[in-house]
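Quick look at entry_6.cif (mmCIF, C-alpha atoms):
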```cif
data_final
#
loop_
_atom_site.label_atom_id
_atom_site.label_comp_id
_atom_site.auth_asym_id
_atom_site.auth_seq_id
_atom_site.Cartn_x
_atom_site.Cartn_y
_atom_site.Cartn_z
CA MET A 6 81.96 231.40 -67.96
CA ILE A 7 81.91 227.70 -67.13
CA LYS A 8 84.09 226.91 -64.13
CA LEU A 9 87.07 224.66 -64.84
CA ASN A 10 90.36 224.31 -63.00
CA LEU A 11 92.73 224.72 -65.95
CA GLU A 12 95.83 223.89 -63.92
CA ARG A 13 94.35 220.61 -62.67
CA LEU A 14 93.06 219.87 -66.16
CA ASN A 15 96.48 220.36 -67.73
CA ASN A 16 98.04 218.09 -65.10
CA HIS A 17 95.94 215.21 -66.51
CA SER A 18 95.36 216.09 -70.15
CA PRO A 19 97.85 214.80 -72.74
CA TYR A 20 97.43 218.05 -74.71
CA LEU A 21 97.97 221.50 -73.22
CA LEU A 22 94.68 223.39 -73.05
CA TRP A 23 94.11 227.14 -72.97
CA ARG A 24 91.01 229.34 -72.80
CA ASP A 25 89.94 232.21 -74.98
CA ASP A 26 87.97 235.25 -73.77
CA ASP A 27 84.67 233.43 -74.37
CA GLY A 28 85.73 230.58 -72.05
CA ASP A 29 86.15 228.00 -74.81
CA LEU A 30 89.06 225.59 -74.51
CA PHE A 31 91.63 225.11 -77.25
CA PHE A 32 94.44 222.65 -77.85
CA GLU A 33 96.74 221.65 -80.67
CA THR A 34 97.40 218.00 -81.53
CA ASP A 35 100.75 216.41 -82.33
CA GLU A 36 99.71 216.64 -86.00
CA GLY A 37 99.27 220.41 -85.63
CA LEU A 38 95.46 220.35 -85.75
CA LEU A 39 93.67 223.00 -83.69
CA TYR A 40 90.62 221.92 -81.69
CA CYS A 41 88.11 224.01 -79.80
CA LEU A 42 85.97 222.57 -77.03
CA GLU A 43 83.03 224.93 -76.84
CA LEU A 44 81.32 225.32 -73.48
CA GLU A 45 78.15 227.38 -73.29
CA GLU A 46 75.80 227.85 -70.35
CA ASN A 47 72.28 226.65 -71.00
CA TYR A 48 69.21 226.61 -68.80
CA GLU A 49 66.42 226.58 -71.35
CA THR A 50 66.83 223.09 -72.83
CA LEU A 51 66.14 221.10 -69.64
CA GLN A 52 65.05 223.92 -67.32
CA TYR A 53 68.13 222.97 -65.33
CA ASP A 54 71.64 224.34 -64.95
CA SER A 55 73.36 222.81 -67.97
CA CYS A 56 76.26 223.33 -70.30
CA VAL A 57 76.30 222.71 -74.04
CA PHE A 58 79.53 221.03 -75.07
CA GLY A 59 80.84 220.79 -78.61
CA ILE A 60 84.06 219.55 -80.19
CA ILE A 61 85.17 221.65 -83.15
CA ASN A 62 88.07 220.65 -85.39
CA LYS A 63 89.11 224.14 -86.53
CA ASP A 64 91.28 222.80 -89.37
CA ARG A 65 88.54 220.42 -90.59
CA LYS A 66 91.10 217.68 -91.27
CA TRP A 67 90.91 214.06 -90.10
CA SER A 68 92.99 213.34 -86.99
CA HIS A 69 93.87 209.71 -87.90
CA GLY A 70 92.94 207.92 -84.66
CA ASP A 71 94.71 210.24 -82.25
CA THR A 72 94.21 208.62 -78.82
CA LYS A 73 95.42 211.80 -77.10
CA LEU A 74 92.43 213.61 -78.62
CA LYS A 75 90.07 211.14 -76.94
CA GLN A 76 91.95 211.38 -73.63
CA THR A 77 91.88 215.19 -73.73
CA VAL A 78 88.12 215.29 -74.33
CA LEU A 79 87.51 212.81 -71.51
CA CYS A 80 89.75 214.84 -69.18
CA VAL A 81 87.67 217.93 -69.91
CA ILE A 82 84.45 216.05 -69.18
CA GLU A 83 85.87 214.76 -65.89
CA GLU A 84 87.08 218.23 -64.89
CA PHE A 85 83.71 219.72 -65.84
CA PHE A 86 81.97 217.50 -63.30
CA LYS A 87 84.63 218.10 -60.63
CA SER A 88 84.07 221.85 -60.94
CA ASN A 89 80.33 222.01 -61.65
CA ASN A 90 77.08 220.51 -60.40
CA ARG A 91 75.51 220.72 -63.84
CA VAL A 92 74.35 218.62 -66.74
CA LEU A 93 76.52 218.33 -69.84
CA LEU A 94 74.76 218.40 -73.21
CA TYR A 95 76.98 217.13 -76.01
CA ILE A 96 75.79 218.32 -79.43
CA CYS A 97 77.39 217.28 -82.73
CA SER A 98 78.22 219.88 -85.33
CA THR A 99 76.19 219.55 -88.56
CA PHE A 100 78.35 221.73 -90.80
CA ASP A 101 79.43 218.90 -93.14
CA ASN A 102 76.67 216.31 -92.63
CA LYS A 103 79.07 213.98 -90.76
CA GLN A 104 77.38 214.39 -87.41
CA GLU A 105 76.39 210.71 -87.17
CA ILE A 106 80.04 209.65 -87.59
CA ARG A 107 81.13 212.18 -84.95
CA PHE A 108 78.42 210.96 -82.62
CA ARG A 109 79.41 207.29 -82.94
CA LEU A 110 83.04 208.23 -82.30
CA PHE A 111 82.11 210.22 -79.20
CA LEU A 112 80.01 207.31 -77.88
CA ARG A 113 82.90 204.90 -78.49
CA TRP A 114 85.25 207.23 -76.60
CA PHE A 115 82.85 207.58 -73.69
CA ASN A 116 82.11 203.85 -73.54
CA THR A 117 85.85 203.11 -73.13
CA TYR A 118 86.21 205.70 -70.36
CA ASN A 119 87.32 203.96 -67.16
CA LYS A 120 85.05 206.16 -65.00
CA LYS A 121 81.95 206.02 -67.19
CA ASP A 122 80.00 204.19 -64.46
CA GLN A 123 79.96 207.41 -62.43
CA TYR A 124 77.79 208.99 -65.12
CA LEU A 125 74.50 208.40 -66.81
CA MET A 126 74.40 209.11 -70.53
CA ARG A 127 71.25 209.30 -72.61
CA THR A 128 71.34 209.89 -76.33
CA ILE A 129 68.99 211.91 -78.50
CA ASN A 130 68.78 211.91 -82.25
CA GLY A 131 66.29 213.10 -84.77
CA VAL A 132 65.49 215.64 -87.42
CA LEU A 133 64.95 219.04 -85.85
CA ASP A 134 65.72 221.96 -88.12
CA GLU A 135 65.55 222.15 -91.89
CA ASN A 136 65.43 218.34 -92.20
CA ILE A 137 68.97 218.01 -90.85
CA PRO A 138 69.63 214.96 -88.64
CA ASN A 139 70.87 216.00 -85.20
CA TYR A 140 72.72 213.92 -82.63
CA ALA A 141 73.20 214.77 -78.98
CA ALA A 142 73.85 213.20 -75.60
CA ILE A 143 73.10 214.25 -72.08
CA ILE A 144 75.63 213.32 -69.41
CA VAL A 145 74.88 213.66 -65.72
CA GLU A 146 76.55 212.31 -62.61
CA ARG A 147 74.68 209.37 -61.14
CA ASN A 148 74.97 210.91 -57.67
CA ASN A 149 73.36 214.21 -58.74
CA PRO A 150 70.64 214.91 -56.15
CA ASP A 151 68.34 216.14 -58.94
CA LEU A 152 68.81 213.11 -61.20
CA GLU A 153 65.14 212.12 -61.20
CA TYR A 154 64.04 215.65 -62.13
CA ILE A 155 66.68 215.90 -64.87
CA LEU A 156 65.60 212.59 -66.41
CA GLN A 157 61.95 213.67 -66.26
CA ARG A 158 62.80 216.91 -68.07
CA LEU A 159 64.79 214.93 -70.64
CA ASP A 160 61.86 212.58 -71.27
CA GLU A 161 59.57 215.59 -71.73
CA LEU A 162 62.05 217.12 -74.17
CA ILE A 163 62.27 213.89 -76.19
CA ASP A 164 58.46 213.64 -76.31
CA TYR A 165 58.26 217.25 -77.49
CA LEU A 166 60.87 216.69 -80.20
CA LYS A 167 59.05 213.62 -81.49
CA LYS A 168 56.00 215.78 -82.17
#
```
Conversion result in structure tokens:
Amino acid sequence: MIKLNLERLNNHSPYLLWRDDDGDLFFETDEGLLYCLELEENYETLQYDSCVFGIINKDRKWSHGDTKLKQTVLCVIEEFFKSNNRVLLYICSTFDNKQEIRFRLFLRWFNTYNKKDQYLMRTINGVLDENIPNYAAIIVERNNPDLEYILQRLDELIDYLKK
């Protein structure tokens, strides 16, 4: 299970978060929409201690510009790096072919984050499986002692995916 300090997280997050038995985070918006923030350990992708992060709208309804949603996601990202010396891999869901829209929204959220300069984000997009466009981002702290190695592994992954 990915380490997170839930008490500290809930002291900063506008929405109350809770964990299920799998370690995923859940919260309900003011509009009553249920979100799941999936967190899954991953070593294989970069050959480095990483976590795959996904945002799942369980109700599959539009949230109408909910700024608390953005703030909650950014709080989770910040807490992730406070509690872990890992890489975060954000991967967009492809269930409804709106992954490009989700990806642009996530990038907009991250680019307005007041602490974004503490992190390095690289984006990846392309057609991987069954001709479905995929969008992802890698986020790593700029002060990570393994930053050069992580970026090298990322470049190798991108080269591999292009083939």
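Interatomic distance, CA of Cys97 in chain A to CA of Leu11 in chain A: 23.9 Å.
Every protein or nucleic acid residue with an atom no more than 9 Å from range 64-73 of chain A, counting all atoms listed in the file and leaving out same-chain residues fewer than 5 positions away, appears here: Ser18, Pro19, Tyr20, Thr34, Asp35, Glu36, Leu38, Leu39, Tyr40 and Val78 of chain A.
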Quick one: write out the picked residues with C-alpha atoms as a PDB file, keeping the file's coordinate frame?
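Listing of again-v3.pdb after writing:
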```pdb
ATOM      1  CA  SER A  18      95.360 216.090 -70.150  1.00  0.00           C
ATOM      2  CA  PRO A  19      97.850 214.800 -72.740  1.00  0.00           C
ATOM      3  CA  TYR A  20      97.430 218.050 -74.710  1.00  0.00           C
ATOM      4  CA  THR A  34      97.400 218.000 -81.530  1.00  0.00           C
ATOM      5  CA  ASP A  35     100.750 216.410 -82.330  1.00  0.00           C
ATOM      6  CA  GLU A  36      99.710 216.640 -86.000  1.00  0.00           C
ATOM      7  CA  LEU A  38      95.460 220.350 -85.750  1.00  0.00           C
ATOM      8  CA  LEU A  39      93.670 223.000 -83.690  1.00  0.00           C
ATOM      9  CA  TYR A  40      90.620 221.920 -81.690  1.00  0.00           C
ATOM     10  CA  VAL A  78      88.120 215.290 -74.330  1.00  0.00           C
TER      11      VAL A  78
END
```
Contacts of Ala141 in chain A at 6 Å (only C-alpha atoms; same-chain gap of 4+ positions) as a ChimeraX atom specification: /A:95-96,128-129
Nearest to Glu153 in chain A, chosen from A:Glu83, A:Tyr53, A:Gly28, A:Leu93, with only C-alpha atoms counted in the distances: A:Tyr53
Selection under test: the PyMOL selection byres ((chain A and resi 24) around 12); residues as a VMD selection string: chain A and resid 6 to 12 14 to 15 21 to 23 25 to 32 40 to 44
Of the listed residues A:Thr117, A:Gln104, A:Thr99, A:Gln52, that which approaches Asp151 in chain A most closely, counting all atoms listed in the file: A:Gln52
Report, as JSON, the centre and edge lengths in Å (one decimal) of the axis-aligned box enclosing every listed atom of range 94-109 of chain A, padded by 5 Å on each side.
```
{"center_x": 77.9, "center_y": 214.5, "center_z": -83.2, "size_x": 16.4, "size_y": 24.4, "size_z": 29.9}
```
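Residue neighbourhood of Trp114 in chain A, excluding near-sequence residues (fewer than 3 positions): Thr72, Leu74, Lys75, Gln76, Val78, Leu79, Phe108, Arg109, Leu110, Phe111, Thr117 and Tyr118 of chain A, at 10 Å, using only C-alpha atoms.
In this structure, CA of Cys56 in chain A sits 6.2 Å away from CA of Val92 in chain A.
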Distance query Asn102 in chain A at most 12 Å, all atoms listed in the file, self and fewer than 3 positions along chain excluded, as a list in words: Cys97, Ser98, Thr99, Glu105, Ile106, Arg107, Phe108, Asn136, Ile137, Pro138, Asn139 and Tyr140 of chain A
Mind listing whatever residues come within 10 Å of the point (74.7, 211.1, -61.7)? Use all atoms listed in the file, file coordinates, and give them as a tab-separated table (two decimals) with C-alpha atoms, in the frame of the given file.
```
chain	number	residue	atom	x	y	z
A	86	PHE	CA	81.97	217.50	-63.30
A	90	ASN	CA	77.08	220.51	-60.40
A	91	ARG	CA	75.51	220.72	-63.84
A	92	VAL	CA	74.35	218.62	-66.74
A	122	ASP	CA	80.00	204.19	-64.46
A	123	GLN	CA	79.96	207.41	-62.43
A	124	TYR	CA	77.79	208.99	-65.12
A	125	LEU	CA	74.50	208.40	-66.81
A	126	MET	CA	74.40	209.11	-70.53
A	144	ILE	CA	75.63	213.32	-69.41
A	145	VAL	CA	74.88	213.66	-65.72
A	146	GLU	CA	76.55	212.31	-62.61
A	147	ARG	CA	74.68	209.37	-61.14
A	148	ASN	CA	74.97	210.91	-57.67
A	149	ASN	CA	73.36	214.21	-58.74
A	150	PRO	CA	70.64	214.91	-56.15
A	151	ASP	CA	68.34	216.14	-58.94
A	152	LEU	CA	68.81	213.11	-61.20
A	153	GLU	CA	65.14	212.12	-61.20
A	155	ILE	CA	66.68	215.90	-64.87
```
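In this structure, CA of Leu162 in chain A sits 17.9 Å away from CA of Phe58 in chain A.
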Selection dump of the PyMOL selection byres ((chain A and resi 50) around 12), as a list in words: Glu46, Asn47, Tyr48, Glu49, Leu51, Gln52, Tyr53, Asp54, Ser55, Cys56, Val57, Val92, Leu93, Leu94, Ile143, Ile155, Arg158, Leu159, Asp160, Glu161, Leu162, Ile163, Tyr165 and Leu166 of chain A
